[in-house]
file final24.txt (compact mmCIF, N, CA and C atoms)
# COMPACT_ATOMS: atom_id res chain seq x y z
N MET A 1 96.75 216.37 159.71
CA MET A 1 96.12 215.66 160.80
C MET A 1 94.80 216.36 161.14
N ALA A 2 93.73 215.60 161.26
CA ALA A 2 92.42 216.17 161.57
C ALA A 2 92.35 216.53 163.05
N GLU A 3 91.73 217.68 163.32
CA GLU A 3 91.54 218.10 164.71
C GLU A 3 90.35 217.38 165.31
N GLN A 4 90.47 217.04 166.58
CA GLN A 4 89.35 216.45 167.30
C GLN A 4 88.37 217.54 167.67
N ASN A 5 87.09 217.22 167.62
CA ASN A 5 86.06 218.15 168.05
C ASN A 5 85.94 218.05 169.56
N THR A 6 86.47 219.04 170.27
CA THR A 6 86.46 219.01 171.73
C THR A 6 85.46 220.00 172.30
N ARG A 7 84.59 220.52 171.45
CA ARG A 7 83.59 221.47 171.92
C ARG A 7 82.69 220.78 172.96
N PRO A 8 82.47 221.44 174.10
CA PRO A 8 81.60 220.85 175.12
C PRO A 8 80.19 220.60 174.58
N ARG A 9 79.59 219.54 175.07
CA ARG A 9 78.24 219.15 174.66
C ARG A 9 77.39 218.93 175.91
N PRO A 10 76.08 219.16 175.78
CA PRO A 10 75.19 218.84 176.91
C PRO A 10 75.26 217.35 177.24
N LYS A 11 74.93 217.03 178.48
CA LYS A 11 74.92 215.64 178.94
C LYS A 11 73.52 215.27 179.41
N GLY A 12 73.23 213.98 179.41
CA GLY A 12 71.97 213.48 179.93
C GLY A 12 72.04 213.21 181.42
N ARG A 13 70.90 212.96 182.01
CA ARG A 13 70.84 212.69 183.46
C ARG A 13 71.63 211.43 183.84
N GLU A 14 71.79 210.51 182.92
CA GLU A 14 72.52 209.28 183.22
C GLU A 14 74.00 209.53 183.49
N ALA A 15 74.48 210.72 183.18
CA ALA A 15 75.90 211.06 183.42
C ALA A 15 76.16 211.45 184.88
N TYR A 16 75.12 211.45 185.71
CA TYR A 16 75.24 211.91 187.10
C TYR A 16 74.64 210.88 188.05
N ARG A 17 75.19 210.83 189.27
CA ARG A 17 74.77 209.84 190.26
C ARG A 17 73.95 210.41 191.41
N HIS A 18 74.01 211.71 191.62
CA HIS A 18 73.35 212.34 192.78
C HIS A 18 72.73 213.65 192.31
N PHE A 19 71.51 213.94 192.73
CA PHE A 19 70.82 215.16 192.30
C PHE A 19 70.31 215.94 193.50
N THR A 20 70.37 217.26 193.39
CA THR A 20 69.82 218.18 194.37
C THR A 20 68.95 219.19 193.64
N ALA A 21 67.75 219.43 194.15
CA ALA A 21 66.82 220.37 193.53
C ALA A 21 66.95 221.75 194.16
N PHE A 22 66.84 222.77 193.34
CA PHE A 22 66.87 224.16 193.79
C PHE A 22 65.79 224.95 193.05
N ALA A 23 65.28 225.98 193.70
CA ALA A 23 64.38 226.93 193.04
C ALA A 23 65.19 228.19 192.72
N THR A 24 65.01 228.72 191.53
CA THR A 24 65.68 229.98 191.23
C THR A 24 64.96 231.10 191.97
N ARG A 25 65.65 232.24 192.10
CA ARG A 25 65.10 233.38 192.81
C ARG A 25 65.09 234.59 191.88
N TRP A 26 64.24 235.55 192.17
CA TRP A 26 64.13 236.77 191.38
C TRP A 26 65.50 237.42 191.19
N ARG A 27 66.27 237.47 192.24
CA ARG A 27 67.57 238.14 192.19
C ARG A 27 68.62 237.39 191.37
N ASP A 28 68.33 236.15 190.98
CA ASP A 28 69.27 235.38 190.17
C ASP A 28 69.39 235.90 188.75
N ASN A 29 68.35 236.57 188.26
CA ASN A 29 68.37 237.08 186.90
C ASN A 29 69.25 238.32 186.80
N ASP A 30 69.90 238.47 185.66
CA ASP A 30 70.69 239.68 185.40
C ASP A 30 69.90 240.63 184.52
N GLN A 31 70.51 241.71 184.10
CA GLN A 31 69.81 242.73 183.32
C GLN A 31 69.37 242.22 181.96
N TYR A 32 69.90 241.08 181.52
CA TYR A 32 69.52 240.52 180.23
C TYR A 32 68.36 239.54 180.33
N GLY A 33 67.87 239.32 181.56
CA GLY A 33 66.71 238.47 181.76
C GLY A 33 67.01 236.99 181.89
N HIS A 34 68.28 236.63 182.10
CA HIS A 34 68.59 235.23 182.36
C HIS A 34 69.48 235.13 183.60
N MET A 35 69.66 233.91 184.07
CA MET A 35 70.40 233.71 185.31
C MET A 35 71.85 234.15 185.14
N ASN A 36 72.32 234.93 186.09
CA ASN A 36 73.68 235.44 186.07
C ASN A 36 74.68 234.29 186.17
N ASN A 37 75.79 234.41 185.47
CA ASN A 37 76.81 233.35 185.45
C ASN A 37 77.26 232.95 186.85
N ALA A 38 77.41 233.91 187.74
CA ALA A 38 77.88 233.61 189.09
C ALA A 38 76.93 232.69 189.84
N VAL A 39 75.64 232.74 189.51
CA VAL A 39 74.65 231.90 190.20
C VAL A 39 74.86 230.42 189.86
N TYR A 40 75.29 230.13 188.65
CA TYR A 40 75.59 228.74 188.30
C TYR A 40 76.64 228.18 189.26
N TYR A 41 77.68 228.96 189.50
CA TYR A 41 78.74 228.52 190.40
C TYR A 41 78.23 228.38 191.84
N GLU A 42 77.33 229.27 192.26
CA GLU A 42 76.73 229.14 193.59
C GLU A 42 75.94 227.83 193.70
N LEU A 43 75.20 227.51 192.66
CA LEU A 43 74.43 226.27 192.67
C LEU A 43 75.34 225.04 192.67
N PHE A 44 76.41 225.09 191.88
CA PHE A 44 77.37 223.98 191.87
C PHE A 44 77.96 223.80 193.27
N ASP A 45 78.40 224.90 193.87
CA ASP A 45 79.01 224.87 195.20
C ASP A 45 78.01 224.34 196.23
N SER A 46 76.77 224.81 196.16
CA SER A 46 75.74 224.36 197.10
C SER A 46 75.44 222.88 196.94
N ALA A 47 75.37 222.39 195.71
CA ALA A 47 75.08 220.97 195.48
C ALA A 47 76.21 220.09 196.01
N VAL A 48 77.45 220.47 195.74
CA VAL A 48 78.59 219.68 196.22
C VAL A 48 78.61 219.68 197.74
N ASN A 49 78.45 220.84 198.36
CA ASN A 49 78.50 220.90 199.82
C ASN A 49 77.31 220.22 200.47
N LYS A 50 76.14 220.25 199.84
CA LYS A 50 74.99 219.52 200.37
C LYS A 50 75.28 218.01 200.35
N PHE A 51 75.89 217.53 199.27
CA PHE A 51 76.30 216.12 199.24
C PHE A 51 77.26 215.81 200.39
N LEU A 52 78.25 216.68 200.60
CA LEU A 52 79.23 216.45 201.67
C LEU A 52 78.57 216.44 203.04
N ILE A 53 77.64 217.35 203.26
CA ILE A 53 76.93 217.42 204.55
C ILE A 53 76.03 216.20 204.72
N ASP A 54 75.19 215.91 203.70
CA ASP A 54 74.25 214.79 203.80
C ASP A 54 74.95 213.45 203.97
N SER A 55 76.15 213.32 203.40
CA SER A 55 76.87 212.05 203.50
C SER A 55 77.75 211.97 204.75
N GLY A 56 77.75 213.02 205.58
CA GLY A 56 78.51 213.01 206.82
C GLY A 56 79.98 213.35 206.67
N ILE A 57 80.38 213.80 205.49
CA ILE A 57 81.78 214.17 205.27
C ILE A 57 82.08 215.54 205.87
N LEU A 58 81.13 216.45 205.77
CA LEU A 58 81.31 217.82 206.23
C LEU A 58 80.37 218.11 207.40
N ALA A 59 80.93 218.51 208.53
CA ALA A 59 80.14 218.81 209.72
C ALA A 59 80.04 220.31 209.97
N LEU A 60 80.74 221.13 209.20
CA LEU A 60 80.73 222.59 209.25
C LEU A 60 81.51 223.18 210.42
N ALA A 61 81.20 222.82 211.64
CA ALA A 61 81.88 223.44 212.79
C ALA A 61 82.81 222.43 213.46
N GLY A 62 84.04 222.85 213.68
CA GLY A 62 84.97 222.04 214.44
C GLY A 62 85.70 220.95 213.67
N ASP A 63 85.48 220.87 212.36
CA ASP A 63 86.20 219.85 211.59
C ASP A 63 87.69 220.18 211.56
N LYS A 64 88.51 219.15 211.59
CA LYS A 64 89.96 219.33 211.51
C LYS A 64 90.42 219.45 210.06
N THR A 65 89.54 219.03 209.14
CA THR A 65 89.82 219.17 207.71
C THR A 65 88.64 219.85 207.04
N GLN A 66 88.91 220.39 205.86
CA GLN A 66 87.84 220.99 205.06
C GLN A 66 88.22 220.90 203.60
N PHE A 67 87.23 221.00 202.74
CA PHE A 67 87.47 221.02 201.30
C PHE A 67 87.40 222.46 200.82
N LEU A 68 88.41 222.86 200.06
CA LEU A 68 88.44 224.19 199.45
C LEU A 68 88.39 224.04 197.93
N VAL A 69 87.76 224.98 197.27
CA VAL A 69 87.69 224.96 195.81
C VAL A 69 89.05 225.36 195.25
N ALA A 70 89.60 224.50 194.41
CA ALA A 70 90.88 224.79 193.76
C ALA A 70 90.69 225.23 192.31
N SER A 71 89.59 224.77 191.71
CA SER A 71 89.34 225.09 190.31
C SER A 71 87.88 224.84 190.00
N SER A 72 87.33 225.62 189.07
CA SER A 72 85.96 225.39 188.63
C SER A 72 85.80 225.94 187.23
N GLY A 73 84.80 225.44 186.54
CA GLY A 73 84.52 225.91 185.19
C GLY A 73 83.10 225.56 184.81
N CYS A 74 82.57 226.24 183.79
CA CYS A 74 81.19 226.04 183.38
C CYS A 74 81.05 226.26 181.88
N ASP A 75 80.27 225.41 181.24
CA ASP A 75 79.87 225.58 179.84
C ASP A 75 78.35 225.70 179.82
N TYR A 76 77.85 226.66 179.06
CA TYR A 76 76.43 227.00 179.03
C TYR A 76 75.81 226.55 177.71
N PHE A 77 74.60 225.97 177.78
CA PHE A 77 73.93 225.47 176.58
C PHE A 77 72.53 226.06 176.39
N THR A 78 71.79 226.24 177.48
CA THR A 78 70.40 226.70 177.42
C THR A 78 70.20 227.79 178.46
N ASP A 79 69.48 228.84 178.10
CA ASP A 79 69.19 229.90 179.07
C ASP A 79 68.37 229.36 180.23
N VAL A 80 68.70 229.84 181.41
CA VAL A 80 67.95 229.55 182.62
C VAL A 80 67.55 230.90 183.19
N ALA A 81 66.32 231.01 183.66
CA ALA A 81 65.85 232.29 184.22
C ALA A 81 64.78 232.03 185.27
N TYR A 82 64.69 232.95 186.22
CA TYR A 82 63.61 232.93 187.21
C TYR A 82 62.31 233.21 186.47
N PRO A 83 61.23 232.57 186.79
CA PRO A 83 61.06 231.53 187.81
C PRO A 83 61.17 230.14 187.19
N CYS A 84 62.01 229.33 187.74
CA CYS A 84 62.06 227.91 187.33
C CYS A 84 62.76 227.12 188.44
N ASP A 85 62.53 225.84 188.41
CA ASP A 85 63.23 224.93 189.30
C ASP A 85 64.33 224.24 188.51
N VAL A 86 65.43 223.96 189.18
CA VAL A 86 66.55 223.29 188.53
C VAL A 86 67.00 222.11 189.39
N ASP A 87 67.61 221.15 188.74
CA ASP A 87 68.27 220.02 189.41
C ASP A 87 69.74 220.11 189.09
N VAL A 88 70.58 219.91 190.10
CA VAL A 88 72.02 219.88 189.89
C VAL A 88 72.49 218.45 190.12
N GLY A 89 73.05 217.87 189.07
CA GLY A 89 73.56 216.51 189.14
C GLY A 89 75.05 216.50 189.44
N LEU A 90 75.48 215.50 190.20
CA LEU A 90 76.90 215.34 190.54
C LEU A 90 77.39 213.95 190.15
N ALA A 91 78.60 213.91 189.69
CA ALA A 91 79.34 212.66 189.50
C ALA A 91 80.79 212.97 189.86
N VAL A 92 81.51 211.98 190.30
CA VAL A 92 82.93 212.17 190.59
C VAL A 92 83.73 211.64 189.41
N ARG A 93 84.55 212.49 188.85
CA ARG A 93 85.40 212.13 187.72
C ARG A 93 86.70 211.49 188.20
N ARG A 94 87.25 212.05 189.30
CA ARG A 94 88.57 211.61 189.75
C ARG A 94 88.70 211.85 191.25
N ILE A 95 89.34 210.90 191.93
CA ILE A 95 89.71 211.08 193.33
C ILE A 95 91.23 210.94 193.38
N GLY A 96 91.89 212.04 193.73
CA GLY A 96 93.35 212.01 193.87
C GLY A 96 93.74 211.77 195.31
N LYS A 97 94.99 212.00 195.63
CA LYS A 97 95.47 211.82 197.00
C LYS A 97 94.76 212.78 197.95
N SER A 98 94.64 214.06 197.55
CA SER A 98 94.01 215.06 198.41
C SER A 98 92.89 215.83 197.71
N SER A 99 92.53 215.43 196.50
CA SER A 99 91.52 216.20 195.76
C SER A 99 90.42 215.31 195.19
N VAL A 100 89.27 215.94 194.96
CA VAL A 100 88.14 215.29 194.30
C VAL A 100 87.71 216.20 193.16
N THR A 101 87.55 215.62 191.96
CA THR A 101 87.06 216.37 190.81
C THR A 101 85.64 215.91 190.51
N TYR A 102 84.71 216.86 190.60
CA TYR A 102 83.30 216.58 190.34
C TYR A 102 82.93 217.05 188.94
N ASP A 103 82.10 216.25 188.26
CA ASP A 103 81.37 216.72 187.09
C ASP A 103 80.03 217.18 187.61
N VAL A 104 79.60 218.34 187.16
CA VAL A 104 78.36 218.94 187.65
C VAL A 104 77.49 219.26 186.44
N GLY A 105 76.21 218.97 186.55
CA GLY A 105 75.27 219.30 185.48
C GLY A 105 74.06 220.01 186.02
N LEU A 106 73.70 221.12 185.40
CA LEU A 106 72.51 221.86 185.81
C LEU A 106 71.42 221.60 184.78
N PHE A 107 70.28 221.10 185.26
CA PHE A 107 69.14 220.76 184.42
C PHE A 107 67.95 221.63 184.78
N LEU A 108 67.22 222.11 183.80
CA LEU A 108 65.88 222.61 184.09
C LEU A 108 65.12 221.40 184.62
N ALA A 109 64.22 221.61 185.57
CA ALA A 109 63.62 220.49 186.30
C ALA A 109 62.94 219.47 185.39
N ASP A 110 62.41 219.88 184.26
CA ASP A 110 61.71 218.94 183.38
C ASP A 110 62.55 218.51 182.18
N ALA A 111 63.84 218.83 182.17
CA ALA A 111 64.69 218.54 181.01
C ALA A 111 65.51 217.28 181.22
N ASP A 112 65.83 216.63 180.11
CA ASP A 112 66.64 215.42 180.14
C ASP A 112 68.11 215.68 179.82
N ILE A 113 68.43 216.87 179.30
CA ILE A 113 69.82 217.22 179.03
C ILE A 113 70.18 218.50 179.76
N THR A 114 71.47 218.68 180.01
CA THR A 114 71.93 219.81 180.81
C THR A 114 71.74 221.14 180.12
N ALA A 115 71.40 222.14 180.92
CA ALA A 115 71.42 223.53 180.46
C ALA A 115 72.83 224.08 180.59
N ALA A 116 73.61 223.48 181.51
CA ALA A 116 75.01 223.86 181.72
C ALA A 116 75.73 222.67 182.34
N THR A 117 77.01 222.53 182.03
CA THR A 117 77.83 221.52 182.68
C THR A 117 79.04 222.21 183.28
N GLY A 118 79.57 221.61 184.32
CA GLY A 118 80.73 222.21 184.95
C GLY A 118 81.66 221.19 185.54
N VAL A 119 82.79 221.70 185.96
CA VAL A 119 83.77 220.90 186.69
C VAL A 119 84.08 221.67 187.97
N PHE A 120 84.29 220.95 189.04
CA PHE A 120 84.47 221.55 190.36
C PHE A 120 85.51 220.71 191.08
N VAL A 121 86.67 221.29 191.39
CA VAL A 121 87.75 220.55 192.05
C VAL A 121 87.88 221.04 193.48
N HIS A 122 87.78 220.09 194.40
CA HIS A 122 87.95 220.35 195.83
C HIS A 122 89.27 219.75 196.28
N VAL A 123 89.99 220.48 197.14
CA VAL A 123 91.20 219.95 197.76
C VAL A 123 90.95 219.85 199.26
N ASN A 124 91.27 218.71 199.83
CA ASN A 124 91.14 218.48 201.26
C ASN A 124 92.34 219.10 201.97
N VAL A 125 92.07 219.99 202.93
CA VAL A 125 93.16 220.67 203.64
C VAL A 125 92.93 220.59 205.15
N ALA A 126 94.01 220.78 205.89
CA ALA A 126 93.91 220.91 207.35
C ALA A 126 93.32 222.28 207.65
N THR A 127 92.32 222.31 208.49
CA THR A 127 91.67 223.58 208.84
C THR A 127 92.66 224.55 209.47
N ALA A 128 93.58 224.05 210.28
CA ALA A 128 94.51 224.91 211.02
C ALA A 128 95.48 225.67 210.12
N ASP A 129 96.02 225.00 209.10
CA ASP A 129 97.06 225.67 208.29
C ASP A 129 96.78 225.68 206.78
N GLN A 130 95.64 225.13 206.38
CA GLN A 130 95.23 225.12 204.97
C GLN A 130 96.17 224.32 204.06
N ARG A 131 96.95 223.41 204.62
CA ARG A 131 97.86 222.57 203.83
C ARG A 131 97.10 221.31 203.37
N PRO A 132 97.33 220.86 202.15
CA PRO A 132 96.65 219.67 201.64
C PRO A 132 96.90 218.44 202.52
N LEU A 133 95.85 217.64 202.67
CA LEU A 133 95.91 216.38 203.43
C LEU A 133 95.32 215.27 202.59
N ALA A 134 95.82 214.07 202.77
CA ALA A 134 95.26 212.91 202.10
C ALA A 134 93.80 212.73 202.52
N ILE A 135 92.98 212.33 201.58
CA ILE A 135 91.57 212.05 201.86
C ILE A 135 91.49 210.72 202.59
N ASP A 136 90.76 210.69 203.71
CA ASP A 136 90.65 209.45 204.48
C ASP A 136 89.78 208.42 203.75
N ALA A 137 89.91 207.16 204.17
CA ALA A 137 89.22 206.06 203.51
C ALA A 137 87.69 206.19 203.50
N PRO A 138 87.05 206.58 204.64
CA PRO A 138 85.58 206.71 204.60
C PRO A 138 85.11 207.79 203.61
N THR A 139 85.81 208.92 203.56
CA THR A 139 85.45 209.98 202.62
C THR A 139 85.68 209.53 201.20
N ARG A 140 86.79 208.88 200.98
CA ARG A 140 87.13 208.35 199.64
C ARG A 140 86.02 207.41 199.16
N ALA A 141 85.54 206.53 200.04
CA ALA A 141 84.50 205.58 199.67
C ALA A 141 83.19 206.28 199.33
N LYS A 142 82.82 207.29 200.11
CA LYS A 142 81.58 208.03 199.84
C LYS A 142 81.66 208.79 198.52
N CYS A 143 82.80 209.36 198.23
CA CYS A 143 82.97 210.05 196.95
C CYS A 143 83.00 209.05 195.79
N ALA A 144 83.64 207.91 196.01
CA ALA A 144 83.73 206.90 194.96
C ALA A 144 82.35 206.38 194.56
N ALA A 145 81.39 206.45 195.47
CA ALA A 145 80.03 206.01 195.15
C ALA A 145 79.40 206.88 194.06
N LEU A 146 79.95 208.06 193.80
CA LEU A 146 79.43 208.94 192.75
C LEU A 146 80.16 208.78 191.42
N MET A 147 81.12 207.87 191.37
CA MET A 147 81.85 207.66 190.11
C MET A 147 80.99 206.87 189.14
N ILE A 148 81.12 207.23 187.86
CA ILE A 148 80.40 206.52 186.80
C ILE A 148 81.44 205.89 185.90
N GLU A 149 81.30 204.61 185.67
CA GLU A 149 82.25 203.88 184.83
C GLU A 149 82.26 204.44 183.41
N GLY A 150 83.44 204.50 182.82
CA GLY A 150 83.57 204.92 181.44
C GLY A 150 83.60 206.42 181.21
N GLN A 151 83.62 207.21 182.27
CA GLN A 151 83.68 208.67 182.09
C GLN A 151 85.07 209.17 182.40

call {"tool": "encode", "arguments": {"input": "final24.txt", "output": "structure tokens"}}
result
Amino acid sequence: MAEQNTRPRPKGREAYRHFTAFATRWRDNDQYGHMNNAVYYELFDSAVNKFLIDSGILALAGDKTQFLVASSGCDYFTDVAYPCDVDVGLAVRRIGKSSVTYDVGLFLADADITAATGVFVHVNVATADQRPLAIDAPTRAKCAALMIEGQ
């Protein structure tokens, strides 16, 4: 039986529905002269939370629910280093009862394919006890707007 080629591949901008621009910083580079792996995750987290804030899902203070990261991952294709601008693209892969799975793509600002792709899973929990809660209909609808057919 032939094995399927499941090696991650870069994606184009059409794979994402929402974009946030960021500027890299001097401190983002590591001793090898490229952006440290942890910074990719910071950018993914910032892009997802900016979407939540801008769409009115996350108010930061006093919310009875919050999204916590349950899982994340990243595949790297092209070096990124300061100084450059990047765009982080978001799409929603799946909306479960209490979780949202985002596809995330990091692009150099002038590039058409990702320098890195990632997955970011958020679980909706009660702020008081951190127990999972069903995602309400308005939040579900806002996240569903980022879904791309056929992915």

call {"tool": "residues_around", "arguments": {"input": "final24.txt", "residues": "stretch 67-84 of chain A", "least_positions_apart": "4", "cutoff": "6.5 Å", "atoms": "all atoms listed in the file", "output": "VMD selection string"}}
result
chain A and resid 22 to 26 28 to 29 33 to 35 109 114 to 125

call {"tool": "closest_residue", "arguments": {"input": "final24.txt", "among": "A:Asn37, A:Ala21, A:Pro10, A:Ala141", "to": "A:Asp85", "atoms": "only N, CA and C atoms"}}
result
A:Ala21

call {"tool": "atom_distance", "arguments": {"input": "final24.txt", "atom1": "atom C of A:Arg13", "atom2": "atom C of A:Leu58"}}
result
26.0 Å

call {"tool": "atom_distance", "arguments": {"input": "final24.txt", "atom1": "atom N of A:Arg7", "atom2": "atom CA of A:Ser98"}}
result
29.1 Å

call {"tool": "closest_residue", "arguments": {"input": "final24.txt", "among": "A:Pro8, A:Asp87, A:Ile57, A:Arg94", "to": "A:Phe107", "atoms": "only N, CA and C atoms"}}
result
A:Asp87

call {"tool": "atom_distance", "arguments": {"input": "final24.txt", "atom1": "atom CA of A:Pro132", "atom2": "atom CA of A:Ile53"}}
result
20.1 Å

call {"tool": "residues_around", "arguments": {"input": "final24.txt", "residues": "A:Lys97", "least_positions_apart": "4", "cutoff": "6 Å", "atoms": "all atoms listed in the file", "output": "ChimeraX atom specification"}}
result
/A:133-135

call {"tool": "residues_around", "arguments": {"input": "final24.txt", "residues": "A:Ile148", "least_positions_apart": "3", "cutoff": "6.5 Å", "atoms": "only N, CA and C atoms", "output": "ChimeraX atom specification"}}
result
/A:91-93,145,151

call {"tool": "select_by_dssp", "arguments": {"input": "final24.txt", "residues": "chain A", "states": "helix (DSSP H, G or I)", "output": "count of residues only"}}
result
32

call {"tool": "build_atoms", "arguments": {"input": "final24.txt", "residues": "stretch 50-59 of chain A", "atoms": "all heavy atoms", "output": "PDB file, in the coordinates of the input"}}
result
ATOM      1  N   LYS A  50      76.140 220.250 199.840  1.00  0.00           N
ATOM      2  CA  LYS A  50      74.990 219.520 200.370  1.00  0.00           C
ATOM      3  C   LYS A  50      75.280 218.010 200.350  1.00  0.00           C
ATOM      4  O   LYS A  50      74.968 217.308 201.313  1.00  0.00           O
ATOM      5  CB  LYS A  50      73.720 219.831 199.607  1.00  0.00           C
ATOM      6  CG  LYS A  50      72.494 219.143 200.189  1.00  0.00           C
ATOM      7  CD  LYS A  50      71.231 219.821 199.794  1.00  0.00           C
ATOM      8  CE  LYS A  50      69.968 219.170 200.317  1.00  0.00           C
ATOM      9  NZ  LYS A  50      70.032 218.291 201.429  1.00  0.00           N
ATOM     10  N   PHE A  51      75.890 217.530 199.270  1.00  0.00           N
ATOM     11  CA  PHE A  51      76.300 216.120 199.240  1.00  0.00           C
ATOM     12  C   PHE A  51      77.260 215.810 200.390  1.00  0.00           C
ATOM     13  O   PHE A  51      77.107 214.814 201.086  1.00  0.00           O
ATOM     14  CB  PHE A  51      76.954 215.777 197.887  1.00  0.00           C
ATOM     15  CG  PHE A  51      77.792 214.539 197.944  1.00  0.00           C
ATOM     16  CD1 PHE A  51      77.209 213.289 198.050  1.00  0.00           C
ATOM     17  CD2 PHE A  51      79.178 214.623 197.935  1.00  0.00           C
ATOM     18  CE1 PHE A  51      77.996 212.138 198.139  1.00  0.00           C
ATOM     19  CE2 PHE A  51      79.970 213.490 198.010  1.00  0.00           C
ATOM     20  CZ  PHE A  51      79.373 212.234 198.115  1.00  0.00           C
ATOM     21  N   LEU A  52      78.250 216.680 200.600  1.00  0.00           N
ATOM     22  CA  LEU A  52      79.230 216.450 201.670  1.00  0.00           C
ATOM     23  C   LEU A  52      78.570 216.440 203.040  1.00  0.00           C
ATOM     24  O   LEU A  52      78.892 215.611 203.895  1.00  0.00           O
ATOM     25  CB  LEU A  52      80.336 217.505 201.609  1.00  0.00           C
ATOM     26  CG  LEU A  52      81.236 217.491 200.369  1.00  0.00           C
ATOM     27  CD1 LEU A  52      82.183 218.683 200.390  1.00  0.00           C
ATOM     28  CD2 LEU A  52      81.991 216.179 200.256  1.00  0.00           C
ATOM     29  N   ILE A  53      77.640 217.350 203.260  1.00  0.00           N
ATOM     30  CA  ILE A  53      76.930 217.420 204.550  1.00  0.00           C
ATOM     31  C   ILE A  53      76.030 216.200 204.720  1.00  0.00           C
ATOM     32  O   ILE A  53      76.063 215.527 205.756  1.00  0.00           O
ATOM     33  CB  ILE A  53      76.128 218.732 204.660  1.00  0.00           C
ATOM     34  CG1 ILE A  53      77.079 219.926 204.755  1.00  0.00           C
ATOM     35  CG2 ILE A  53      75.175 218.683 205.854  1.00  0.00           C
ATOM     36  CD1 ILE A  53      76.410 221.275 204.523  1.00  0.00           C
ATOM     37  N   ASP A  54      75.190 215.910 203.700  1.00  0.00           N
ATOM     38  CA  ASP A  54      74.250 214.790 203.800  1.00  0.00           C
ATOM     39  C   ASP A  54      74.950 213.450 203.970  1.00  0.00           C
ATOM     40  O   ASP A  54      74.419 212.543 204.600  1.00  0.00           O
ATOM     41  CB  ASP A  54      73.346 214.744 202.567  1.00  0.00           C
ATOM     42  CG  ASP A  54      72.347 215.895 202.519  1.00  0.00           C
ATOM     43  OD1 ASP A  54      72.212 216.635 203.517  1.00  0.00           O
ATOM     44  OD2 ASP A  54      71.702 216.049 201.455  1.00  0.00           O
ATOM     45  N   SER A  55      76.150 213.320 203.400  1.00  0.00           N
ATOM     46  CA  SER A  55      76.870 212.050 203.500  1.00  0.00           C
ATOM     47  C   SER A  55      77.750 211.970 204.750  1.00  0.00           C
ATOM     48  O   SER A  55      78.438 210.969 204.973  1.00  0.00           O
ATOM     49  CB  SER A  55      77.711 211.813 202.249  1.00  0.00           C
ATOM     50  OG  SER A  55      78.688 212.813 202.115  1.00  0.00           O
ATOM     51  N   GLY A  56      77.750 213.020 205.580  1.00  0.00           N
ATOM     52  CA  GLY A  56      78.510 213.010 206.820  1.00  0.00           C
ATOM     53  C   GLY A  56      79.980 213.350 206.670  1.00  0.00           C
ATOM     54  O   GLY A  56      80.750 213.225 207.621  1.00  0.00           O
ATOM     55  N   ILE A  57      80.380 213.800 205.490  1.00  0.00           N
ATOM     56  CA  ILE A  57      81.780 214.170 205.270  1.00  0.00           C
ATOM     57  C   ILE A  57      82.080 215.540 205.870  1.00  0.00           C
ATOM     58  O   ILE A  57      83.144 215.760 206.438  1.00  0.00           O
ATOM     59  CB  ILE A  57      82.105 214.164 203.753  1.00  0.00           C
ATOM     60  CG1 ILE A  57      81.979 212.747 203.196  1.00  0.00           C
ATOM     61  CG2 ILE A  57      83.483 214.748 203.478  1.00  0.00           C
ATOM     62  CD1 ILE A  57      82.023 212.660 201.677  1.00  0.00           C
ATOM     63  N   LEU A  58      81.130 216.450 205.770  1.00  0.00           N
ATOM     64  CA  LEU A  58      81.310 217.820 206.230  1.00  0.00           C
ATOM     65  C   LEU A  58      80.370 218.110 207.400  1.00  0.00           C
ATOM     66  O   LEU A  58      79.156 217.955 207.263  1.00  0.00           O
ATOM     67  CB  LEU A  58      81.038 218.805 205.082  1.00  0.00           C
ATOM     68  CG  LEU A  58      81.111 220.289 205.379  1.00  0.00           C
ATOM     69  CD1 LEU A  58      82.507 220.688 205.840  1.00  0.00           C
ATOM     70  CD2 LEU A  58      80.722 221.082 204.140  1.00  0.00           C
ATOM     71  N   ALA A  59      80.930 218.510 208.530  1.00  0.00           N
ATOM     72  CA  ALA A  59      80.140 218.810 209.720  1.00  0.00           C
ATOM     73  C   ALA A  59      80.040 220.310 209.970  1.00  0.00           C
ATOM     74  O   ALA A  59      79.332 220.739 210.865  1.00  0.00           O
ATOM     75  CB  ALA A  59      80.712 218.120 210.943  1.00  0.00           C
TER      76      ALA A  59
END
